[in-house]
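Chemist: So here's final-v6.cif, just mmCIF, C-alpha atoms:
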data_protein
loop_
_atom_site.label_atom_id
_atom_site.label_comp_id
_atom_site.auth_asym_id
_atom_site.auth_seq_id
_atom_site.Cartn_x
_atom_site.Cartn_y
_atom_site.Cartn_z
CA MET P 64 -75.24 -91.92 70.14
CA THR P 65 -73.67 -95.35 70.60
CA ALA P 66 -72.83 -96.73 74.03
CA ARG P 67 -69.13 -96.45 73.19
CA ALA P 68 -69.48 -92.79 72.19
CA ALA P 69 -71.50 -92.04 75.34
CA ALA P 70 -68.81 -93.67 77.49
CA SER P 71 -66.14 -91.60 75.75
CA VAL P 72 -68.07 -88.37 76.38
CA SER P 73 -68.62 -89.38 80.00
CA SER P 74 -64.91 -90.14 80.48
CA SER P 75 -63.93 -86.85 78.86
CA ALA P 76 -66.32 -84.96 81.14
CA ALA P 77 -64.91 -86.71 84.22
CA ILE P 78 -61.35 -85.83 83.24
CA ALA P 79 -62.31 -82.20 82.54
CA ALA P 80 -64.05 -81.99 85.93
CA ALA P 81 -60.99 -83.48 87.63
CA ARG P 82 -58.75 -80.89 85.97
CA ALA P 83 -61.02 -78.09 87.18
CA ALA P 84 -61.04 -79.61 90.67
CA LEU P 85 -57.22 -79.49 90.73
CA ASP P 86 -57.42 -75.72 90.33
CA VAL P 87 -59.72 -75.56 93.37
CA LEU P 88 -57.16 -77.53 95.38
CA ALA P 89 -54.26 -75.39 94.16
CA GLU P 90 -55.99 -72.32 95.61
CA ARG P 91 -55.96 -74.04 99.02
CA ILE P 92 -52.38 -75.30 99.12
CA SER P 93 -51.61 -73.24 102.24
CA VAL P 94 -54.15 -75.32 104.18
CA VAL P 95 -52.55 -78.55 102.96
CA ASN P 96 -49.15 -77.23 104.06
CA SER P 97 -50.56 -76.26 107.45
CA ILE P 98 -51.92 -79.77 107.98
CA GLY P 99 -48.56 -81.21 106.93
CA ASP P 100 -46.72 -78.94 109.38
CA ARG P 101 -49.05 -79.95 112.22
CA LEU P 102 -48.53 -83.63 111.49
CA ALA P 103 -44.75 -83.27 111.31
CA GLU P 104 -44.70 -81.42 114.64
CA MET P 105 -46.97 -84.01 116.26
CA PHE P 106 -44.86 -86.95 115.09
CA ALA P 107 -41.67 -85.16 116.21
CA ARG P 108 -43.17 -84.88 119.71
CA GLY P 109 -43.97 -88.60 119.74
CA GLY P 110 -47.71 -88.29 119.11
CA LYS P 111 -49.87 -90.61 117.09
CA LEU P 112 -52.38 -90.01 114.33
CA LEU P 113 -55.89 -91.43 114.36
CA THR P 114 -57.79 -91.42 111.06
CA CYS P 115 -61.39 -92.19 110.15
CA GLY P 116 -64.02 -91.86 107.44
CA ASN P 117 -67.08 -93.57 105.98
CA GLY P 118 -67.35 -95.47 102.69
CA GLY P 119 -64.74 -94.31 100.18
CA SER P 120 -63.37 -91.92 102.79
CA ALA P 121 -62.86 -94.93 105.09
CA ALA P 122 -60.65 -96.49 102.42
CA GLU P 123 -58.63 -93.29 102.18
CA ALA P 124 -58.32 -93.05 105.99
CA LEU P 125 -57.02 -96.61 106.04
CA HIS P 126 -54.61 -95.87 103.19
CA LEU P 127 -53.08 -92.91 105.05
CA ALA P 128 -52.60 -94.89 108.28
CA GLU P 129 -51.04 -97.92 106.59
CA GLU P 130 -48.60 -95.79 104.59
CA LEU P 131 -47.48 -94.03 107.79
CA MET P 132 -46.92 -97.30 109.64
CA GLY P 133 -45.29 -98.97 106.64
CA ARG P 134 -43.85 -96.63 104.07
CA TYR P 135 -45.01 -94.57 101.15
CA ALA P 136 -41.83 -94.32 99.08
CA ALA P 137 -38.84 -93.91 101.40
CA ARG P 138 -37.44 -96.35 103.92
CA ARG P 139 -37.90 -94.77 107.35
CA ALA P 140 -39.02 -95.50 110.86
CA PRO P 141 -42.76 -96.13 111.23
CA LEU P 142 -44.95 -93.18 112.16
CA ALA P 143 -47.62 -94.08 114.74
CA ALA P 144 -51.01 -94.16 113.03
CA VAL P 145 -54.25 -96.03 113.66
CA CYS P 146 -57.29 -96.09 111.40
CA LEU P 147 -60.45 -96.17 113.52
CA ASN P 148 -62.48 -97.80 110.75
CA GLY P 149 -59.91 -100.52 110.18
CA ASP P 150 -61.21 -103.05 112.72
CA PRO P 151 -64.63 -104.44 111.77
CA THR P 152 -65.00 -106.17 115.13
CA ALA P 153 -64.62 -102.88 117.00
CA LEU P 154 -66.98 -101.11 114.60
CA THR P 155 -69.71 -103.71 114.89
CA CYS P 156 -69.33 -104.11 118.66
CA ILE P 157 -69.55 -100.37 119.29
CA ALA P 158 -72.36 -99.86 116.76
CA ASN P 159 -74.33 -102.73 118.29
CA ASP P 160 -73.90 -101.57 121.89
CA TYR P 161 -73.77 -97.77 121.55
CA GLY P 162 -75.04 -96.87 118.06
CA PHE P 163 -73.26 -96.10 114.79
CA GLU P 164 -72.79 -92.46 115.81
CA GLU P 165 -70.30 -93.66 118.48
CA VAL P 166 -68.10 -95.96 116.38
CA PHE P 167 -65.24 -93.47 116.14
CA ALA P 168 -65.83 -91.37 119.26
CA ARG P 169 -65.58 -94.36 121.59
CA GLN P 170 -62.26 -95.33 120.01
CA VAL P 171 -61.03 -91.76 120.41
CA ASP P 172 -61.91 -92.06 124.11
CA GLY P 173 -59.90 -95.26 124.38
CA LEU P 174 -56.90 -94.46 122.21
CA ALA P 175 -56.32 -90.70 122.01
CA ALA P 176 -54.27 -88.58 124.37
CA ALA P 177 -53.33 -84.92 124.47
CA GLY P 178 -50.60 -84.39 121.88
CA ASP P 179 -52.14 -86.80 119.38
CA SER P 180 -54.06 -85.82 116.25
CA LEU P 181 -57.30 -86.97 114.67
CA LEU P 182 -57.65 -86.57 110.91
CA VAL P 183 -61.16 -87.11 109.54
CA LEU P 184 -62.11 -87.54 105.91
CA SER P 185 -65.64 -86.70 104.82
CA THR P 186 -67.05 -85.49 101.53
CA SER P 187 -70.00 -83.92 103.36
CA GLY P 188 -68.64 -83.12 106.83
CA ARG P 189 -72.09 -83.98 108.16
CA SER P 190 -71.82 -87.61 109.31
CA ALA P 191 -72.78 -87.87 112.98
CA ASN P 192 -69.98 -90.34 113.72
CA ILE P 193 -67.38 -87.93 112.30
CA VAL P 194 -68.78 -84.94 114.20
CA ARG P 195 -68.86 -86.89 117.49
CA ALA P 196 -65.28 -88.09 117.02
CA LEU P 197 -64.12 -84.50 116.51
CA GLU P 198 -66.02 -83.33 119.60
CA ARG P 199 -64.49 -86.07 121.75
CA ALA P 200 -61.01 -85.43 120.37
CA ARG P 201 -61.31 -81.74 121.19
CA ALA P 202 -62.38 -82.59 124.76
CA ARG P 203 -59.23 -84.72 125.15
CA GLY P 204 -56.80 -82.05 123.90
CA VAL P 205 -56.26 -83.80 120.58
CA THR P 206 -55.47 -81.72 117.48
CA THR P 207 -58.31 -82.08 114.98
CA LEU P 208 -57.72 -82.03 111.23
CA GLY P 209 -60.18 -82.44 108.39
CA LEU P 210 -60.20 -83.25 104.71
CA LEU P 211 -63.76 -82.19 103.94
CA GLY P 212 -66.15 -81.25 101.16
CA PRO P 213 -67.98 -77.94 100.85
CA PRO P 214 -67.49 -75.23 103.50
CA GLY P 215 -70.10 -74.75 106.20
CA SER P 216 -70.41 -78.33 107.43
CA PRO P 217 -70.81 -79.21 111.13
CA ALA P 218 -67.34 -80.80 111.08
CA GLU P 219 -65.50 -77.71 109.84
CA PRO P 220 -65.60 -75.57 113.02
CA LEU P 221 -64.51 -78.61 115.07
CA CYS P 222 -61.23 -78.83 113.13
CA ASP P 223 -58.08 -76.96 114.11
CA ALA P 224 -57.21 -77.06 110.40
CA ALA P 225 -59.66 -78.08 107.69
CA LEU P 226 -59.32 -78.35 103.95
CA THR P 227 -62.74 -77.56 102.50
CA LEU P 228 -63.49 -78.07 98.84
CA PRO P 229 -66.42 -76.16 97.32
CA LEU P 230 -67.39 -78.95 94.92
CA ASP P 231 -70.70 -80.75 94.51
CA ASN P 232 -69.33 -84.07 93.26
CA PRO P 233 -68.18 -86.53 95.98
CA ALA P 234 -66.02 -88.39 93.46
CA ARG P 235 -63.98 -85.27 92.66
CA ILE P 236 -63.67 -84.50 96.39
CA GLN P 237 -62.39 -88.01 97.12
CA GLU P 238 -59.92 -87.77 94.25
CA LEU P 239 -58.53 -84.54 95.72
CA HIS P 240 -58.40 -86.08 99.20
CA LEU P 241 -56.27 -88.92 97.83
CA LEU P 242 -53.93 -86.43 96.17
CA VAL P 243 -53.65 -84.52 99.47
CA ILE P 244 -52.87 -87.76 101.33
CA HIS P 245 -50.04 -88.50 98.92
CA ALA P 246 -48.75 -84.93 99.17
CA LEU P 247 -48.74 -85.17 102.98
CA LEU P 248 -46.87 -88.48 102.85
CA GLU P 249 -44.27 -87.05 100.46
CA ARG P 250 -43.84 -84.03 102.73
CA LEU P 251 -43.35 -86.20 105.82
CA GLU P 252 -40.92 -88.52 104.07
CA ALA P 253 -38.91 -85.67 102.51
CA LYS P 254 -38.14 -84.39 106.00
CA PRO P 255 -38.83 -87.22 108.46
CA PRO P 256 -39.76 -86.06 111.95
CA ALA P 257 -36.85 -86.16 114.37
CA GLY P 258 -37.19 -88.55 117.24
#
Translate this file's structure into structure tokens.
Modeler:
Amino acid sequence: MTARAAASVSSSAAIAAARAALDVLAERISVVNSIGDRLAEMFARGGKLLTCGNGGSAAEALHLAEELMGRYAARRAPLAAVCLNGDPTALTCIANDYGFEEVFARQVDGLAAAGDSLLVLSTSGRSANIVRALERARARGVTTLGLLGPPGSPAEPLCDAALTLPLDNPARIQELHLLVIHALLERLEAKPPAG
């Protein structure tokens, strides 16, 4: 098989896997809607959203926060959102002084208040820094939301609402997380929170 033919087969397999993953997400649309409802209610009450993730999930957490503060498609008032992995100086300072497990939890301690929400993104749901952030958010009366990978992770029971995806490929999970982010943004912009 030539390199070009192998690449074509690989691309076809990736697209087929992505199509199958969409069916998995479609079966869980009620969870996506629940997360959207919780966010709309929180923003209507004047709360703010904190987001975080690691690696590719960090990029998606940043994408969600910037679209809320700026805009996704519609012109509207900004929605208060802060990405906890967006400031490399905070991350390196906290990691250096307290350990990498504390990089998000310490920011939750400093920024979150009852009535706010924390949305974590994790393809495994097992990262210590994600689990600690959820624990600290819960202790502060913050609503906890998760876009996660397979069910049964340590993060799942710490979330008030969690989308779990029973897939074994992190790339497919991240692709679905991005689709969910866009769906949430469309939902919030279709009916902007009053306030």
Chemist: Under the PyMOL selection byres ((chain P and resi 194) around 12), which residues of this model are included? Write them out as a VMD selection string.
Modeler: chain P and resid 115 to 116 164 to 168 181 to 185 187 to 193 195 to 201 207 to 209 211 216 to 222
Chemist: Could you please determine the separation between atom CA of Leu112 of chain P and atom CA of Ser180 of chain P in Å, to one decimal place?
Modeler: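 If I compute the distance from atom CA of Leu112 of chain P to atom CA of Ser180 of chain P, I get 4.9 Å.
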Chemist: Pick out the closest residue to Gln237 of chain P from this set: P:Thr155, P:Ser75, P:Thr186, P:Asn96. Count all atoms listed in the file.
Modeler: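 Of P:Thr155, P:Ser75, P:Thr186, P:Asn96, the one nearest Gln237 of chain P, counting all atoms listed in the file, is P:Thr186.
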Chemist: What is the atom CA of Arg101 of chain P-atom CA of Ala136 of chain P distance in Å, reported with one decimal?
Modeler: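 These atoms are spaced 20.8 Å apart.
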Chemist: Can you measure atom CA of Pro213 of chain P to atom CA of His240 of chain P for me? One decimal in Å is fine.
Modeler: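 For atom CA of Pro213 of chain P relative to atom CA of His240 of chain P, the distance reads 12.7 Å.
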Chemist: Set the distance at 12 Å and use all atoms listed in the file: which residues neighbour Leu248 of chain P once local chain neighbours fewer than 2 positions away are removed? I'd like the list as JSON, numbers by chain.
Modeler: {"P": [95, 96, 98, 99, 100, 102, 103, 126, 127, 128, 129, 130, 131, 132, 133, 134, 135, 136, 137, 139, 142, 241, 242, 243, 244, 245, 246, 250, 251, 252, 253, 254, 255, 256]}
Chemist: Restricting the calculation to only C-alpha atoms, which member of P:Gly118, P:Gly162, P:Gly149, P:Gly204 is positioned closest to Asp223 of chain P?
Modeler: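 Between P:Gly118, P:Gly162, P:Gly149, P:Gly204, the residue approaching Asp223 of chain P most closely is P:Gly204.
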Chemist: May I ask which of the residues P:Ala224, P:Leu125, P:Leu210, P:Ala153 is the closest one to Leu88 of chain P, counting only C-alpha atoms?
Modeler: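 Ranking P:Ala224, P:Leu125, P:Leu210, P:Ala153 by distance to Leu88 of chain P, first place goes to P:Leu210.
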Chemist: Could N, CA and C atoms be built for segment 142-172 of chain P and written out as a PDB file, in the frame of the given file?
Modeler:
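Dumped everything to part-v5.pdb:
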ATOM      1  N   LEU P 142     -44.301 -94.307 111.496  1.00  0.00           N
ATOM      2  CA  LEU P 142     -44.950 -93.180 112.160  1.00  0.00           C
ATOM      3  C   LEU P 142     -46.260 -93.710 112.747  1.00  0.00           C
ATOM      4  N   ALA P 143     -46.486 -93.485 114.029  1.00  0.00           N
ATOM      5  CA  ALA P 143     -47.620 -94.080 114.740  1.00  0.00           C
ATOM      6  C   ALA P 143     -48.946 -93.583 114.178  1.00  0.00           C
ATOM      7  N   ALA P 144     -49.711 -94.502 113.615  1.00  0.00           N
ATOM      8  CA  ALA P 144     -51.010 -94.160 113.030  1.00  0.00           C
ATOM      9  C   ALA P 144     -51.960 -95.336 113.178  1.00  0.00           C
ATOM     10  N   VAL P 145     -53.206 -95.022 113.501  1.00  0.00           N
ATOM     11  CA  VAL P 145     -54.250 -96.030 113.660  1.00  0.00           C
ATOM     12  C   VAL P 145     -55.493 -95.549 112.927  1.00  0.00           C
ATOM     13  N   CYS P 146     -56.041 -96.408 112.089  1.00  0.00           N
ATOM     14  CA  CYS P 146     -57.290 -96.090 111.400  1.00  0.00           C
ATOM     15  C   CYS P 146     -58.453 -96.644 112.209  1.00  0.00           C
ATOM     16  N   LEU P 147     -59.345 -95.766 112.641  1.00  0.00           N
ATOM     17  CA  LEU P 147     -60.450 -96.170 113.520  1.00  0.00           C
ATOM     18  C   LEU P 147     -61.528 -96.962 112.794  1.00  0.00           C
ATOM     19  N   ASN P 148     -61.526 -96.958 111.461  1.00  0.00           N
ATOM     20  CA  ASN P 148     -62.480 -97.800 110.750  1.00  0.00           C
ATOM     21  C   ASN P 148     -61.841 -99.073 110.230  1.00  0.00           C
ATOM     22  N   GLY P 149     -60.636 -99.369 110.686  1.00  0.00           N
ATOM     23  CA  GLY P 149     -59.910-100.520 110.180  1.00  0.00           C
ATOM     24  C   GLY P 149     -60.253-101.844 110.850  1.00  0.00           C
ATOM     25  N   ASP P 150     -60.903-101.821 111.990  1.00  0.00           N
ATOM     26  CA  ASP P 150     -61.210-103.050 112.720  1.00  0.00           C
ATOM     27  C   ASP P 150     -62.713-103.296 112.704  1.00  0.00           C
ATOM     28  N   PRO P 151     -63.182-104.216 111.860  1.00  0.00           N
ATOM     29  CA  PRO P 151     -64.630-104.440 111.770  1.00  0.00           C
ATOM     30  C   PRO P 151     -65.233-104.971 113.065  1.00  0.00           C
ATOM     31  N   THR P 152     -64.438-105.667 113.871  1.00  0.00           N
ATOM     32  CA  THR P 152     -65.000-106.170 115.130  1.00  0.00           C
ATOM     33  C   THR P 152     -65.269-105.027 116.095  1.00  0.00           C
ATOM     34  N   ALA P 153     -64.378-104.044 116.139  1.00  0.00           N
ATOM     35  CA  ALA P 153     -64.620-102.880 117.000  1.00  0.00           C
ATOM     36  C   ALA P 153     -65.812-102.082 116.482  1.00  0.00           C
ATOM     37  N   LEU P 154     -65.876-101.875 115.172  1.00  0.00           N
ATOM     38  CA  LEU P 154     -66.980-101.110 114.600  1.00  0.00           C
ATOM     39  C   LEU P 154     -68.327-101.754 114.902  1.00  0.00           C
ATOM     40  N   THR P 155     -68.421-103.064 114.691  1.00  0.00           N
ATOM     41  CA  THR P 155     -69.710-103.710 114.890  1.00  0.00           C
ATOM     42  C   THR P 155     -70.068-103.834 116.361  1.00  0.00           C
ATOM     43  N   CYS P 156     -69.078-104.052 117.212  1.00  0.00           N
ATOM     44  CA  CYS P 156     -69.330-104.110 118.660  1.00  0.00           C
ATOM     45  C   CYS P 156     -69.852-102.767 119.159  1.00  0.00           C
ATOM     46  N   ILE P 157     -69.155-101.701 118.810  1.00  0.00           N
ATOM     47  CA  ILE P 157     -69.550-100.370 119.290  1.00  0.00           C
ATOM     48  C   ILE P 157     -70.894 -99.967 118.691  1.00  0.00           C
ATOM     49  N   ALA P 158     -71.082-100.213 117.395  1.00  0.00           N
ATOM     50  CA  ALA P 158     -72.360 -99.860 116.760  1.00  0.00           C
ATOM     51  C   ALA P 158     -73.508-100.627 117.401  1.00  0.00           C
ATOM     52  N   ASN P 159     -73.284-101.895 117.699  1.00  0.00           N
ATOM     53  CA  ASN P 159     -74.330-102.730 118.290  1.00  0.00           C
ATOM     54  C   ASN P 159     -74.682-102.270 119.709  1.00  0.00           C
ATOM     55  N   ASP P 160     -73.675-101.911 120.488  1.00  0.00           N
ATOM     56  CA  ASP P 160     -73.900-101.570 121.890  1.00  0.00           C
ATOM     57  C   ASP P 160     -74.195-100.101 122.134  1.00  0.00           C
ATOM     58  N   TYR P 161     -73.666 -99.215 121.288  1.00  0.00           N
ATOM     59  CA  TYR P 161     -73.770 -97.770 121.550  1.00  0.00           C
ATOM     60  C   TYR P 161     -74.382 -96.969 120.398  1.00  0.00           C
ATOM     61  N   GLY P 162     -74.513 -97.569 119.221  1.00  0.00           N
ATOM     62  CA  GLY P 162     -75.040 -96.870 118.060  1.00  0.00           C
ATOM     63  C   GLY P 162     -73.916 -96.471 117.108  1.00  0.00           C
ATOM     64  N   PHE P 163     -74.262 -96.382 115.818  1.00  0.00           N
ATOM     65  CA  PHE P 163     -73.260 -96.100 114.790  1.00  0.00           C
ATOM     66  C   PHE P 163     -72.621 -94.726 114.973  1.00  0.00           C
ATOM     67  N   GLU P 164     -73.339 -93.807 115.596  1.00  0.00           N
ATOM     68  CA  GLU P 164     -72.790 -92.460 115.810  1.00  0.00           C
ATOM     69  C   GLU P 164     -71.563 -92.498 116.724  1.00  0.00           C
ATOM     70  N   GLU P 165     -71.399 -93.569 117.505  1.00  0.00           N
ATOM     71  CA  GLU P 165     -70.300 -93.660 118.480  1.00  0.00           C
ATOM     72  C   GLU P 165     -69.103 -94.478 118.000  1.00  0.00           C
ATOM     73  N   VAL P 166     -69.151 -95.018 116.775  1.00  0.00           N
ATOM     74  CA  VAL P 166     -68.100 -95.960 116.380  1.00  0.00           C
ATOM     75  C   VAL P 166     -66.699 -95.379 116.384  1.00  0.00           C
ATOM     76  N   PHE P 167     -66.565 -94.096 116.099  1.00  0.00           N
ATOM     77  CA  PHE P 167     -65.240 -93.470 116.140  1.00  0.00           C
ATOM     78  C   PHE P 167     -64.992 -92.772 117.467  1.00  0.00           C
ATOM     79  N   ALA P 168     -65.999 -92.127 118.022  1.00  0.00           N
ATOM     80  CA  ALA P 168     -65.830 -91.370 119.260  1.00  0.00           C
ATOM     81  C   ALA P 168     -65.386 -92.268 120.407  1.00  0.00           C
ATOM     82  N   ARG P 169     -65.964 -93.453 120.497  1.00  0.00           N
ATOM     83  CA  ARG P 169     -65.580 -94.360 121.590  1.00  0.00           C
ATOM     84  C   ARG P 169     -64.119 -94.787 121.448  1.00  0.00           C
ATOM     85  N   GLN P 170     -63.670 -94.982 120.219  1.00  0.00           N
ATOM     86  CA  GLN P 170     -62.260 -95.330 120.010  1.00  0.00           C
ATOM     87  C   GLN P 170     -61.348 -94.146 120.331  1.00  0.00           C
ATOM     88  N   VAL P 171     -61.795 -92.940 120.015  1.00  0.00           N
ATOM     89  CA  VAL P 171     -61.030 -91.760 120.410  1.00  0.00           C
ATOM     90  C   VAL P 171     -60.885 -91.742 121.925  1.00  0.00           C
ATOM     91  N   ASP P 172     -61.974 -92.018 122.641  1.00  0.00           N
ATOM     92  CA  ASP P 172     -61.910 -92.060 124.110  1.00  0.00           C
ATOM     93  C   ASP P 172     -60.892 -93.076 124.599  1.00  0.00           C
TER      94      ASP P 172
END
